[in-house]
Amino acid sequence: AGKDVVVYELDKMANGDAIQGALLSMTGQRTVPNVFVKGQHIGGNDDSQKAAREGKLQAMLDSNVAMAAVSSERNLGVEDEVVVPPEMQHPPAPWRYDGRACLQLSFMSSDVAESNLGPGLVLDSSLKSFGLTYGGFFLAEYDDTPFGSFWELVCINGLVWNREPTLKDVILGLFTAPSAETDVGKDFNSRSTWASHVFVSSRAARDHGRSEFGLNSNDAHFTVTDVEDSPEGAPQQKVVIRHGLKGDGDEIATIIIPKRGSNKQKLPPDGFGPLDLSLPSLSGLSPYVPELLHYSVDLNCKASLASPACDVTVPEGSPVHGIMGLKPLLCVNFDNMVMMVPEPAAF
């Protein structure tokens, strides 16, 4: 049976130039046609043909959703207000991300952490008295998301409260895990790790992180190569992250991770689970979203400890120097990961 296709001919629309400019920002694609299914960007003609050959396009069409395509002969560059048709915007929450990830935590300087905090946030005092807090990173390789496949590096810059904690808050905090919705006393209060920097290899994912979550999301290029001198039976990969999408920017960090399917350096080798985990998060307080937001990321995955932890190198001038590249405390692999991210709420 045929499927409904909505075609927007930009050269026949009053704000066609502006829509094409917005699509360039959202998808990184200048050419037309520019195809979306269920809010997910497919790409141009070649990408659509490939999706059709691989069966991906048919599977999406079978879900009885509308298909949208845009075409135009116009040039880019008009800077007027644009309303992008709903079919071309990000799909509604919750957003699903399938793939694998690595979470590594270290002790970092509380002074460095405070220099990267949003206004009003307060470092947790359990380590601050020693001049320390928790730092580290979350590195993910996503195979299937509303924005296609991409890599993401989230830099963890301290364990924080959304306001100055009371003595009761601190005492309860010693016996409770961080929560996105911890009701302490009469005030709504929350404790979570803080992401000071986010780097993604997808322009659409970058814009989504900025507009929906107020994240300090930045374009980055991830070069992934096999490590030739990997331990016997435990192949590794080197991930080099650089500023910009073309790979010619300054280096941000280099991380050595287990190659997908390599279990020898994991404890236990086949992982625990599948497990259901919840990761409370705070975001916002940025030029993109000035309010403080809270949400909780739900993970279903197989989890294992990495032994040894990921080897991380951070250049002196990197914006994450002092946050990453420190002596690791803990490194956890998440395999067969399904991550569900809800729409955030403001305090």
# chains A, B, ... in the order shown; residues from 1 in each chain; ligands from 1
>>> residues_around(residues="His221 (chain A)", least_positions_apart="2", cutoff="10 Å", atoms="only C-alpha atoms", output="count of residues only")
23
>>> select_by_dssp(residues="region 115-334 of chain A", states="helix (DSSP H, G or I)", output="PyMOL selection string")
chain A and resi 125-128+167-175+203-213
>>> closest_atom_pairs(of="region 91-133 of chain A", to="region 303-319 of chain A", cutoff="10 Å", atoms="only C-alpha atoms", output="Markdown table")
| residue | atom | partner | partner_atom | distance |
| --- | --- | --- | --- | --- |
| A:Ala101 | CA | A:Ala303 | CA | 9.7 |
| A:Cys102 | CA | A:Cys310 | CA | 8.7 |
| A:Leu103 | CA | A:Cys310 | CA | 9.4 |
| A:Gln104 | CA | A:Cys310 | CA | 7.6 |
| A:Leu105 | CA | A:Ala309 | CA | 9.8 |
>>> closest_residue(among="A:Arg191, A:His197, A:His294, A:His208", to="Gly136 (chain A)", atoms="only C-alpha atoms")
A:His197
>>> residues_around(residues="Pro274 (chain A)", least_positions_apart="2", cutoff="10 Å", atoms="only C-alpha atoms", output="number ranges by chain")
A: 271-272, 276-277, 299-303, 334-337
>>> write_last_selection(atoms="N, CA and C atoms", output="JSON list (two decimals), in the first residue's frame")
[["chain", "number", "residue", "atom", "x", "y", "z"],
["A", 271, "GLY", "N", 29.29, -9.39, 31.37],
["A", 271, "GLY", "CA", 28.55, -8.32, 32.00],
["A", 271, "GLY", "C", 27.46, -8.79, 32.94],
["A", 272, "PHE", "N", 26.98, -7.87, 33.77],
["A", 272, "PHE", "CA", 25.83, -8.11, 34.63],
["A", 272, "PHE", "C", 24.56, -7.71, 33.89],
["A", 276, "ASP", "N", 18.42, -2.45, 34.76],
["A", 276, "ASP", "CA", 17.70, -1.18, 34.60],
["A", 276, "ASP", "C", 18.32, -0.17, 35.54],
["A", 277, "LEU", "N", 18.86, 0.91, 34.98],
["A", 277, "LEU", "CA", 19.53, 1.94, 35.77],
["A", 277, "LEU", "C", 18.88, 3.29, 35.51],
["A", 299, "LEU", "N", 18.39, 3.68, 31.68],
["A", 299, "LEU", "CA", 19.21, 2.78, 30.88],
["A", 299, "LEU", "C", 18.79, 1.34, 31.09],
["A", 300, "ASN", "N", 18.73, 0.58, 30.01],
["A", 300, "ASN", "CA", 18.66, -0.88, 30.07],
["A", 300, "ASN", "C", 19.90, -1.38, 29.34],
["A", 301, "CYS", "N", 20.75, -2.15, 30.03],
["A", 301, "CYS", "CA", 22.03, -2.51, 29.44],
["A", 301, "CYS", "C", 22.65, -3.69, 30.18],
["A", 302, "LYS", "N", 23.73, -4.20, 29.63],
["A", 302, "LYS", "CA", 24.61, -5.13, 30.33],
["A", 302, "LYS", "C", 25.81, -4.31, 30.81],
["A", 303, "ALA", "N", 26.07, -4.35, 32.09],
["A", 303, "ALA", "CA", 27.12, -3.53, 32.69],
["A", 303, "ALA", "C", 28.29, -4.38, 33.15],
["A", 334, "PHE", "N", 28.84, -0.04, 29.37],
["A", 334, "PHE", "CA", 27.43, -0.33, 29.14],
["A", 334, "PHE", "C", 27.29, -0.88, 27.73],
["A", 335, "ASP", "N", 26.96, -2.15, 27.61],
["A", 335, "ASP", "CA", 26.78, -2.78, 26.31],
["A", 335, "ASP", "C", 25.31, -3.11, 26.08],
["A", 336, "ASN", "N", 24.95, -3.28, 24.81],
["A", 336, "ASN", "CA", 23.54, -3.53, 24.44],
["A", 336, "ASN", "C", 22.63, -2.51, 25.11],
["A", 337, "MET", "N", 23.03, -1.26, 25.03],
["A", 337, "MET", "CA", 22.38, -0.19, 25.79],
["A", 337, "MET", "C", 21.18, 0.38, 25.06]]
>>> closest_residue(among="A:Pro290, A:Gly118, A:Gly284, A:Pro231", to="Ser262 (chain A)", atoms="only C-alpha atoms")
A:Pro231
>>> closest_residue(among="A:Ile42, A:Leu267, A:Val122, A:Leu279", to="Arg163 (chain A)", atoms="only C-alpha atoms")
A:Val122
>>> atom_distance(atom1="CA of Leu292 (chain A)", atom2="CA of Ala345 (chain A)")
8.4 Å
>>> closest_residue(among="A:His41, A:Gly99, A:Asp207, A:Ala220", to="Asp143 (chain A)", atoms="only C-alpha atoms")
A:Gly99
>>> atom_distance(atom1="CA of Leu285 (chain A)", atom2="CA of Val332 (chain A)")
28.5 Å
